[in-house]
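Q: Quick one: the structure is below, and I'll ask about it shortly.
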Amino acid sequence: MVSPILSIQNLSKKFGAVIANEDVSIDLYQDEIHGLIGPNGAGKSTLIKQISGEIKQDSGKIVLGENEISNQPVFQRAKMGLARSFQVSSIIPSITVLENVILAIQGNLGQTFKFWKPVSKNQELINAAHGYLDQVDLKLRMFILASELSHGERRKLEISMALALEPKVFLLDEPMAGLGAAGSKVMTKQLAKLKSRAPILLIEHDMDAIFALADRISVLVYGRIIATGTVDEIRSNANVKEAYLGSEDL
Ligand SMILES: Nc1ncnc2c1ncn2[C@@H]1O[C@H](COP(=O)(O)OP(=O)(O)OP(=O)(O)O)[C@@H](O)[C@H]1O
Ligand SMILES: [Mg+2]
């Protein structure tokens, strides 16, 4: 039996009287995109924040590889291989695209700003950054300031910075948000490539993208998982249609 890379086991979280997550379990395997869908307020972001460590679960546990990480701080979980992308703070707008990726690599290597000058002349580091930018088709834009990137390009930069962490798992909360139809298509292609690097837990409201990308999907409603299965299984699941997707043909 193959072991999951990330195992979320019976997680529960309340905010006062609001049950954000109740007894949520998901296993994420190598080479998998696991889609997490559900209506607004279903508890999707709360789940990702518990995995990354920003929010402490009330009960349940989270296991990454062989290690339980439920009580580790955010930075430790990141160091152990969790890449949570699309956090607003990750890009520094006043430096170039290339410099942003170099900083992400340095962060991963545990180096600090004081090494910035010599390291900026370090060809090995620069070559590695080129490689991460190439993977998201952003190499041609590497010398411009990050502040000059379009919305879609910023998302690409965030992915290349996540790649620079060489993570074991990607946690992505609505990567298509605000991208428009064309931008979503480009991002869909990027994410399809990304999953060969590390499995992805993908929250997304864009159903076309989720159905195109996900190997399996879990449906969260009022904090509880009501179904987990392949795209076909979820599309034809009567409970899912009634509770979330509506009665229209999907
Ligand atoms: N820090 C918090 N304090 C209090 N309540 C919160 C907090 N974070 C989330 N909630 C509540 O928990 C529930 C789940 O919220 P969450 O943001 O996880 O939903 P979501 O599925 O990500 O929704 P959306 O699709 O709109 O992003 C909601 O009722 C929300 O109001
Ligand atoms: Mg959310």
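Following the order of the structure tokens, first chain is A, next is B, and so on, with residues numbered from 1 inside each chain and ligands from 1 in the order they appear.
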Using only C-alpha atoms, determine which residues lie at most 7 Å from Glu204 of chain A, disregarding the query and same-chain residues fewer than 6 positions distant; provide the list as an MDAnalysis selection string.
A: chainID A and resid 36:37 173:174 210
Q: Using only C-alpha atoms and all ligand atoms, find each residue of chain A with at least one atom at most 10 Å away from an atom of ligand 2; report its shortest atom-to-atom pair and that distance in Å (one decimal), sort the rows by chain and rising residue number, and return the result as CSV.
A:
```
residue,atom,partner,partner_atom_place_in_ligand_line,distance
A:Ile37,CA,ligand 2,1 (Mg),9.8
A:Gly38,CA,ligand 2,1 (Mg),9.5
A:Pro39,CA,ligand 2,1 (Mg),9.3
A:Asn40,CA,ligand 2,1 (Mg),7.0
A:Gly41,CA,ligand 2,1 (Mg),6.9
A:Ala42,CA,ligand 2,1 (Mg),8.1
A:Gly43,CA,ligand 2,1 (Mg),7.0
A:Lys44,CA,ligand 2,1 (Mg),5.4
A:Ser45,CA,ligand 2,1 (Mg),4.0
A:Thr46,CA,ligand 2,1 (Mg),7.2
A:Leu47,CA,ligand 2,1 (Mg),9.1
A:Ile48,CA,ligand 2,1 (Mg),8.9
A:Lys49,CA,ligand 2,1 (Mg),9.8
A:Asp173,CA,ligand 2,1 (Mg),6.9
A:Glu174,CA,ligand 2,1 (Mg),7.6
A:Ile203,CA,ligand 2,1 (Mg),7.8
A:Glu204,CA,ligand 2,1 (Mg),8.8
A:His205,CA,ligand 2,1 (Mg),9.4
```
Q: Pick out the residues sitting within 10 Å of segment 127-138 of chain A, and hand them over as a list in words; count only C-alpha atoms, and ignore anything fewer than 5 positions along from it in its own chain.
A: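 My reading of the contact set: Val97, Leu98, Glu99, Asn100, Val101, Ile102, Leu103, Ala104, Ile105, Asn122, Glu153, Arg154, Arg155, Lys156, Leu157, Glu158, Ile159, Ser160, Met161, Ala162, Leu163, Ala164, Val186, Met187, Lys189, Gln190, Leu191, Lys193 and Leu194 of chain A.
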Q: Output N, CA, C and O atoms of each residue in that selection to a file, as a compact mmCIF listing (two decimals), in the first residue's frame.
A:
```txt
# COMPACT_ATOMS: atom_id res chain seq x y z
N VAL A 97 12.00 40.55 -10.68
CA VAL A 97 11.44 39.21 -10.68
C VAL A 97 12.52 38.19 -10.30
O VAL A 97 12.33 37.34 -9.43
N LEU A 98 13.69 38.34 -10.95
CA LEU A 98 14.80 37.41 -10.68
C LEU A 98 15.23 37.47 -9.22
O LEU A 98 15.44 36.44 -8.57
N GLU A 99 15.33 38.70 -8.69
CA GLU A 99 15.76 38.85 -7.29
C GLU A 99 14.77 38.22 -6.33
O GLU A 99 15.15 37.65 -5.30
N ASN A 100 13.49 38.30 -6.66
CA ASN A 100 12.49 37.65 -5.81
C ASN A 100 12.72 36.15 -5.73
O ASN A 100 12.63 35.55 -4.66
N VAL A 101 13.02 35.55 -6.88
CA VAL A 101 13.22 34.09 -6.89
C VAL A 101 14.51 33.75 -6.15
O VAL A 101 14.57 32.77 -5.40
N ILE A 102 15.54 34.58 -6.34
CA ILE A 102 16.81 34.33 -5.64
C ILE A 102 16.59 34.38 -4.12
O ILE A 102 17.07 33.53 -3.38
N LEU A 103 15.78 35.34 -3.68
CA LEU A 103 15.50 35.43 -2.24
C LEU A 103 14.75 34.20 -1.75
O LEU A 103 15.00 33.71 -0.65
N ALA A 104 13.84 33.70 -2.58
CA ALA A 104 13.10 32.49 -2.19
C ALA A 104 14.06 31.31 -2.04
O ALA A 104 13.96 30.53 -1.09
N ILE A 105 15.02 31.21 -2.96
CA ILE A 105 16.01 30.12 -2.87
C ILE A 105 16.85 30.29 -1.62
O ILE A 105 17.07 29.35 -0.86
N ASN A 122 26.53 35.14 -7.35
CA ASN A 122 26.73 33.69 -7.34
C ASN A 122 26.01 33.06 -8.53
O ASN A 122 24.78 32.97 -8.57
N GLU A 153 0.95 37.32 -14.28
CA GLU A 153 2.40 37.12 -14.16
C GLU A 153 2.83 37.03 -12.70
O GLU A 153 3.74 36.28 -12.35
N ARG A 154 2.15 37.81 -11.84
CA ARG A 154 2.47 37.72 -10.40
C ARG A 154 2.19 36.32 -9.88
O ARG A 154 2.95 35.77 -9.10
N ARG A 155 1.08 35.74 -10.33
CA ARG A 155 0.77 34.36 -9.92
C ARG A 155 1.86 33.39 -10.37
O ARG A 155 2.25 32.47 -9.66
N LYS A 156 2.36 33.63 -11.61
CA LYS A 156 3.44 32.78 -12.12
C LYS A 156 4.69 32.93 -11.25
O LYS A 156 5.37 31.95 -10.95
N LEU A 157 4.99 34.19 -10.89
CA LEU A 157 6.16 34.41 -10.04
C LEU A 157 5.99 33.70 -8.70
O LEU A 157 6.92 33.09 -8.18
N GLU A 158 4.77 33.75 -8.17
CA GLU A 158 4.53 33.07 -6.89
C GLU A 158 4.76 31.57 -7.02
O GLU A 158 5.30 30.92 -6.12
N ILE A 159 4.36 31.02 -8.17
CA ILE A 159 4.59 29.58 -8.37
C ILE A 159 6.08 29.30 -8.46
O ILE A 159 6.57 28.33 -7.88
N SER A 160 6.82 30.14 -9.18
CA SER A 160 8.26 29.86 -9.31
C SER A 160 8.94 30.00 -7.95
O SER A 160 9.87 29.26 -7.65
N MET A 161 8.44 30.92 -7.11
CA MET A 161 9.00 31.06 -5.76
C MET A 161 8.64 29.85 -4.89
O MET A 161 9.42 29.43 -4.04
N ALA A 162 7.44 29.31 -5.12
CA ALA A 162 7.05 28.08 -4.40
C ALA A 162 7.93 26.92 -4.87
O ALA A 162 8.37 26.09 -4.06
N LEU A 163 8.21 26.87 -6.18
CA LEU A 163 9.08 25.81 -6.71
C LEU A 163 10.48 25.88 -6.08
O LEU A 163 11.11 24.86 -5.83
N ALA A 164 10.93 27.13 -5.86
CA ALA A 164 12.27 27.33 -5.30
C ALA A 164 12.39 26.73 -3.90
O ALA A 164 13.49 26.48 -3.43
N VAL A 186 -4.17 29.62 -18.72
CA VAL A 186 -2.72 29.58 -18.59
C VAL A 186 -2.34 28.95 -17.25
O VAL A 186 -1.47 28.06 -17.17
N MET A 187 -3.03 29.37 -16.19
CA MET A 187 -2.73 28.83 -14.85
C MET A 187 -3.05 27.33 -14.78
O MET A 187 -2.32 26.57 -14.14
N LYS A 189 -2.72 25.18 -17.12
CA LYS A 189 -1.57 24.49 -17.73
C LYS A 189 -0.39 24.45 -16.77
O LYS A 189 0.30 23.44 -16.64
N GLN A 190 -0.16 25.59 -16.08
CA GLN A 190 0.97 25.65 -15.12
C GLN A 190 0.78 24.62 -14.00
O GLN A 190 1.72 23.94 -13.62
N LEU A 191 -0.43 24.54 -13.49
CA LEU A 191 -0.67 23.64 -12.35
C LEU A 191 -0.56 22.18 -12.78
O LEU A 191 -0.09 21.34 -12.02
N LYS A 193 1.49 21.08 -14.87
CA LYS A 193 2.94 20.78 -14.88
C LYS A 193 3.48 20.65 -13.45
O LYS A 193 4.32 19.82 -13.16
N LEU A 194 2.94 21.51 -12.59
CA LEU A 194 3.45 21.60 -11.21
C LEU A 194 3.28 20.29 -10.44
O LEU A 194 4.08 19.96 -9.58
```
Q: Calculated over only C-alpha atoms and all ligand atoms, which of the candidates A:Ala83, A:Ile92, A:Val219, A:Leu28 has the smallest distance to ligand 1?
A: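 Selected residue with least distance to ligand 1: A:Val219.
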Q: Got a sec: who's within 9 Å of Ile19 of chain A, counting only C-alpha atoms, leaving out chain neighbours fewer than 6 positions off, as a count of residues only?
A: 5
Q: Would you return as a PyMOL selection string the members of segment 90-237 of chain A that DSSP assigns to strand (DSSP E or B) on this structure's backbone?
A: chain A and resi 96+145+169-173+200-203+216-221+224-229
Q: Quick one: residues within 12 Å of Arg84 of chain A, only C-alpha atoms counted, chain neighbours fewer than 2 positions away excluded, as JSON, numbers by chain?
A: {"A": [45, 48, 49, 50, 51, 52, 53, 54, 74, 75, 77, 78, 79, 81, 82, 86, 87, 88, 89, 90, 158, 159, 161, 162, 163, 165, 167, 168, 169, 170, 171, 172, 173, 174, 175, 200, 201, 202, 203]}
Q: So that I have them on file, write out the residues from the current selection with N, CA and C atoms, as a compact mmCIF listing (two decimals), in the first residue's frame.
A:
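Everything below was put into selection.txt:
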```txt
# COMPACT_ATOMS: atom_id res chain seq x y z
N SER A 45 -10.65 27.40 3.37
CA SER A 45 -9.43 28.14 3.75
C SER A 45 -9.01 27.81 5.17
N ILE A 48 -6.89 24.72 5.03
CA ILE A 48 -5.52 24.97 4.55
C ILE A 48 -4.69 25.68 5.62
N LYS A 49 -5.33 26.62 6.33
CA LYS A 49 -4.59 27.36 7.37
C LYS A 49 -4.20 26.45 8.53
N GLN A 50 -5.02 25.44 8.80
CA GLN A 50 -4.64 24.48 9.85
C GLN A 50 -3.46 23.62 9.38
N ILE A 51 -3.45 23.30 8.08
CA ILE A 51 -2.36 22.47 7.56
C ILE A 51 -1.04 23.26 7.60
N SER A 52 -1.13 24.56 7.19
CA SER A 52 0.10 25.36 7.16
C SER A 52 0.53 25.80 8.56
N GLY A 53 -0.39 25.73 9.53
CA GLY A 53 -0.05 26.07 10.90
C GLY A 53 -0.48 27.46 11.33
N GLU A 54 -1.15 28.22 10.42
CA GLU A 54 -1.61 29.57 10.79
C GLU A 54 -2.73 29.52 11.81
N VAL A 74 4.50 27.55 11.98
CA VAL A 74 4.39 27.74 10.52
C VAL A 74 5.75 27.57 9.81
N PHE A 75 6.78 28.26 10.33
CA PHE A 75 8.08 28.23 9.62
C PHE A 75 8.65 26.82 9.57
N ARG A 77 6.92 24.00 9.54
CA ARG A 77 6.17 23.22 8.54
C ARG A 77 6.64 23.58 7.13
N ALA A 78 6.91 24.88 6.91
CA ALA A 78 7.39 25.31 5.60
C ALA A 78 8.74 24.66 5.32
N LYS A 79 9.59 24.66 6.33
CA LYS A 79 10.91 24.07 6.19
C LYS A 79 10.83 22.57 5.91
N GLY A 81 8.57 21.19 4.19
CA GLY A 81 8.13 20.90 2.83
C GLY A 81 6.73 21.32 2.45
N LEU A 82 6.08 22.15 3.27
CA LEU A 82 4.75 22.64 2.89
C LEU A 82 4.88 24.00 2.23
N PHE A 86 0.24 31.93 -2.88
CA PHE A 86 -0.77 32.96 -3.06
C PHE A 86 -1.05 33.70 -1.77
N GLN A 87 -0.02 33.77 -0.92
CA GLN A 87 -0.08 34.68 0.20
C GLN A 87 0.39 36.01 -0.35
N VAL A 88 -0.33 37.06 -0.03
CA VAL A 88 -0.06 38.38 -0.60
C VAL A 88 1.37 38.81 -0.33
N SER A 89 1.88 38.43 0.83
CA SER A 89 3.15 38.97 1.29
C SER A 89 4.38 38.37 0.60
N SER A 90 4.22 37.32 -0.18
CA SER A 90 5.42 36.60 -0.61
C SER A 90 6.28 37.36 -1.62
N GLU A 158 4.77 33.75 -8.17
CA GLU A 158 4.53 33.07 -6.89
C GLU A 158 4.76 31.57 -7.02
N ILE A 159 4.36 31.02 -8.17
CA ILE A 159 4.59 29.58 -8.37
C ILE A 159 6.08 29.30 -8.46
N MET A 161 8.44 30.92 -7.11
CA MET A 161 9.00 31.06 -5.76
C MET A 161 8.64 29.85 -4.89
N ALA A 162 7.44 29.31 -5.12
CA ALA A 162 7.05 28.08 -4.40
C ALA A 162 7.93 26.92 -4.87
N LEU A 163 8.21 26.87 -6.18
CA LEU A 163 9.08 25.81 -6.71
C LEU A 163 10.48 25.88 -6.08
N LEU A 165 11.28 26.52 -3.25
CA LEU A 165 11.32 25.90 -1.92
C LEU A 165 11.49 24.39 -2.02
N PRO A 167 9.31 22.00 -2.48
CA PRO A 167 8.42 21.49 -1.44
C PRO A 167 8.01 20.03 -1.65
N LYS A 168 7.46 19.44 -0.58
CA LYS A 168 6.88 18.10 -0.68
C LYS A 168 5.41 18.19 -1.07
N VAL A 169 4.77 19.32 -0.74
CA VAL A 169 3.34 19.50 -1.00
C VAL A 169 3.08 20.98 -1.31
N PHE A 170 2.19 21.22 -2.30
CA PHE A 170 1.71 22.59 -2.54
C PHE A 170 0.30 22.73 -1.97
N LEU A 171 0.07 23.80 -1.22
CA LEU A 171 -1.27 24.12 -0.74
C LEU A 171 -1.71 25.40 -1.46
N LEU A 172 -2.67 25.29 -2.35
CA LEU A 172 -3.04 26.45 -3.17
C LEU A 172 -4.49 26.84 -2.92
N ASP A 173 -4.67 28.07 -2.44
CA ASP A 173 -6.01 28.56 -2.13
C ASP A 173 -6.46 29.54 -3.21
N GLU A 174 -7.28 29.08 -4.12
CA GLU A 174 -7.87 29.88 -5.21
C GLU A 174 -6.85 30.58 -6.11
N PRO A 175 -5.97 29.80 -6.73
CA PRO A 175 -4.98 30.41 -7.63
C PRO A 175 -5.59 31.09 -8.85
N ILE A 200 -0.59 18.46 -5.07
CA ILE A 200 -1.22 19.75 -4.81
C ILE A 200 -2.58 19.55 -4.14
N LEU A 201 -2.80 20.27 -3.03
CA LEU A 201 -4.16 20.39 -2.49
C LEU A 201 -4.68 21.72 -3.02
N LEU A 202 -5.71 21.66 -3.84
CA LEU A 202 -6.14 22.82 -4.64
C LEU A 202 -7.56 23.24 -4.29
N ILE A 203 -7.70 24.40 -3.68
CA ILE A 203 -9.03 24.99 -3.46
C ILE A 203 -9.33 25.87 -4.66
```
Q: Which of these, A:Ala17, A:Leu213, A:Ala192, A:Leu64, has the shortest distance to ligand 1 once you count only C-alpha atoms and all ligand atoms?
A: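 Closest to ligand 1 of all the choices is A:Ala17.
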Q: Name the residues in contact with Leu145 of chain A at a cut-off of 9 Å, using only C-alpha atoms, excluding same-chain residues fewer than 2 positions from it; report them as a list of chain:residue names.
A: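 So the residues in contact are A:Pro93, A:Ser94, A:Ile95, A:Thr96, A:Val97, A:Leu98, A:Arg141, A:Met142, A:Phe143, A:Ser147, A:Glu148, A:Leu149.
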Q: Could the residues in this selection be written to a file with all heavy atoms, as a short mmCIF file (atom, residue, chain, number, x, y, z; two decimals), in the first residue's frame?
A:
```cif
data_model
loop_
_atom_site.label_atom_id
_atom_site.label_comp_id
_atom_site.auth_asym_id
_atom_site.auth_seq_id
_atom_site.Cartn_x
_atom_site.Cartn_y
_atom_site.Cartn_z
N PRO A 93 7.66 43.86 -4.16
CA PRO A 93 7.41 44.58 -5.42
C PRO A 93 8.57 45.44 -5.88
O PRO A 93 8.72 45.67 -7.08
CB PRO A 93 6.18 45.45 -5.11
CG PRO A 93 5.94 45.37 -3.65
CD PRO A 93 6.78 44.29 -3.06
N SER A 94 9.42 45.91 -4.95
CA SER A 94 10.43 46.91 -5.31
C SER A 94 11.73 46.31 -5.84
O SER A 94 12.67 47.03 -6.14
CB SER A 94 10.74 47.76 -4.08
OG SER A 94 11.15 46.90 -3.02
N ILE A 95 11.80 44.98 -5.96
CA ILE A 95 12.99 44.35 -6.55
C ILE A 95 12.56 43.56 -7.79
O ILE A 95 11.36 43.40 -8.05
CB ILE A 95 13.74 43.43 -5.54
CG1 ILE A 95 12.84 42.29 -5.06
CG2 ILE A 95 14.25 44.25 -4.37
CD1 ILE A 95 13.55 41.29 -4.15
N THR A 96 13.54 43.09 -8.56
CA THR A 96 13.18 42.44 -9.82
C THR A 96 12.59 41.05 -9.61
O THR A 96 12.68 40.47 -8.52
CB THR A 96 14.41 42.27 -10.75
OG1 THR A 96 15.29 41.33 -10.14
CG2 THR A 96 15.12 43.59 -11.01
N VAL A 97 12.00 40.55 -10.68
CA VAL A 97 11.44 39.21 -10.68
C VAL A 97 12.52 38.19 -10.30
O VAL A 97 12.33 37.34 -9.43
CB VAL A 97 10.87 38.91 -12.09
CG1 VAL A 97 10.53 37.45 -12.26
CG2 VAL A 97 9.66 39.81 -12.36
N LEU A 98 13.69 38.34 -10.95
CA LEU A 98 14.80 37.41 -10.68
C LEU A 98 15.23 37.47 -9.22
O LEU A 98 15.44 36.44 -8.57
CB LEU A 98 15.99 37.76 -11.60
CG LEU A 98 17.25 36.91 -11.41
CD1 LEU A 98 17.00 35.46 -11.77
CD2 LEU A 98 18.39 37.48 -12.26
N ARG A 141 10.83 38.00 -18.51
CA ARG A 141 10.45 39.17 -17.71
C ARG A 141 11.31 39.31 -16.44
O ARG A 141 10.98 40.08 -15.55
CB ARG A 141 8.98 39.06 -17.29
CG ARG A 141 8.02 38.86 -18.46
CD ARG A 141 7.66 40.16 -19.12
NE ARG A 141 6.60 40.84 -18.40
CZ ARG A 141 6.36 42.15 -18.50
NH1 ARG A 141 7.12 42.89 -19.28
NH2 ARG A 141 5.38 42.70 -17.82
N MET A 142 12.42 38.57 -16.38
CA MET A 142 13.12 38.47 -15.08
C MET A 142 13.81 39.75 -14.63
O MET A 142 14.07 39.91 -13.45
CB MET A 142 14.11 37.30 -15.08
CG MET A 142 15.28 37.44 -15.99
SD MET A 142 16.19 35.88 -15.91
CE MET A 142 17.32 36.11 -17.24
N PHE A 143 14.09 40.67 -15.55
CA PHE A 143 14.80 41.87 -15.12
C PHE A 143 13.88 43.05 -14.81
O PHE A 143 14.35 44.14 -14.49
CB PHE A 143 15.84 42.28 -16.17
CG PHE A 143 16.95 41.26 -16.30
CD1 PHE A 143 17.22 40.64 -17.52
CD2 PHE A 143 17.70 40.90 -15.18
CE1 PHE A 143 18.22 39.69 -17.62
CE2 PHE A 143 18.71 39.95 -15.28
CZ PHE A 143 18.97 39.34 -16.49
N SER A 147 6.77 44.83 -9.26
CA SER A 147 5.59 45.71 -9.22
C SER A 147 5.00 45.94 -10.61
O SER A 147 3.86 46.35 -10.75
CB SER A 147 5.95 47.06 -8.60
OG SER A 147 7.00 47.66 -9.34
N GLU A 148 5.80 45.71 -11.65
CA GLU A 148 5.32 45.95 -13.02
C GLU A 148 4.66 44.74 -13.65
O GLU A 148 4.17 44.80 -14.79
CB GLU A 148 6.48 46.42 -13.91
CG GLU A 148 6.92 47.83 -13.57
CD GLU A 148 8.24 48.20 -14.24
OE1 GLU A 148 8.54 47.66 -15.32
OE2 GLU A 148 8.95 49.03 -13.65
N LEU A 149 4.62 43.63 -12.94
CA LEU A 149 4.01 42.42 -13.49
C LEU A 149 2.48 42.56 -13.54
O LEU A 149 1.88 43.22 -12.70
CB LEU A 149 4.34 41.20 -12.62
CG LEU A 149 5.79 40.73 -12.59
CD1 LEU A 149 5.92 39.52 -11.66
CD2 LEU A 149 6.28 40.36 -13.98
#
```
Q: In Å, rounded to a single decimal, give me how far atom CA of Ala227 of chain A is from atom CA of Tyr244 of chain A.
A: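 Atom-to-atom, atom CA of Tyr244 of chain A and atom CA of Ala227 of chain A are spaced 11.1 Å apart.
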Q: Please measure the separation of atom CA of Lys14 of chain A and atom CA of Ile26 of chain A, giving the value in Å to one decimal.
A: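 Answer for the atom CA of Lys14 of chain A to atom CA of Ile26 of chain A separation: 18.5 Å.
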Q: Enumerate, as a list of chain:residue names, the complete set of residues in segment 22-98 of chain A that a backbone-based DSSP assignment places in helix (DSSP H, G or I).
A: A:Lys44, A:Ser45, A:Thr46, A:Leu47, A:Ile48, A:Lys49, A:Gln50, A:Ile51, A:Ser52, A:Val74, A:Phe75, A:Gln76, A:Arg77, A:Ala78, A:Lys79, A:Met80, A:Val88, A:Ser89, A:Ser90, A:Val97, A:Leu98
Q: In Å, with one decimal, what is the gap from atom CA of Gln72 of chain A to atom CA of Ala20 of chain A?
A: 21.1 Å
Q: Do a neighbour search on Glu233 of chain A at 12 Å with only C-alpha atoms, toss out local chain neighbours closer than 3 positions, and write the hits as a PyMOL selection string.
A: chain A and resi 211+215-219+227-230+236-241+250
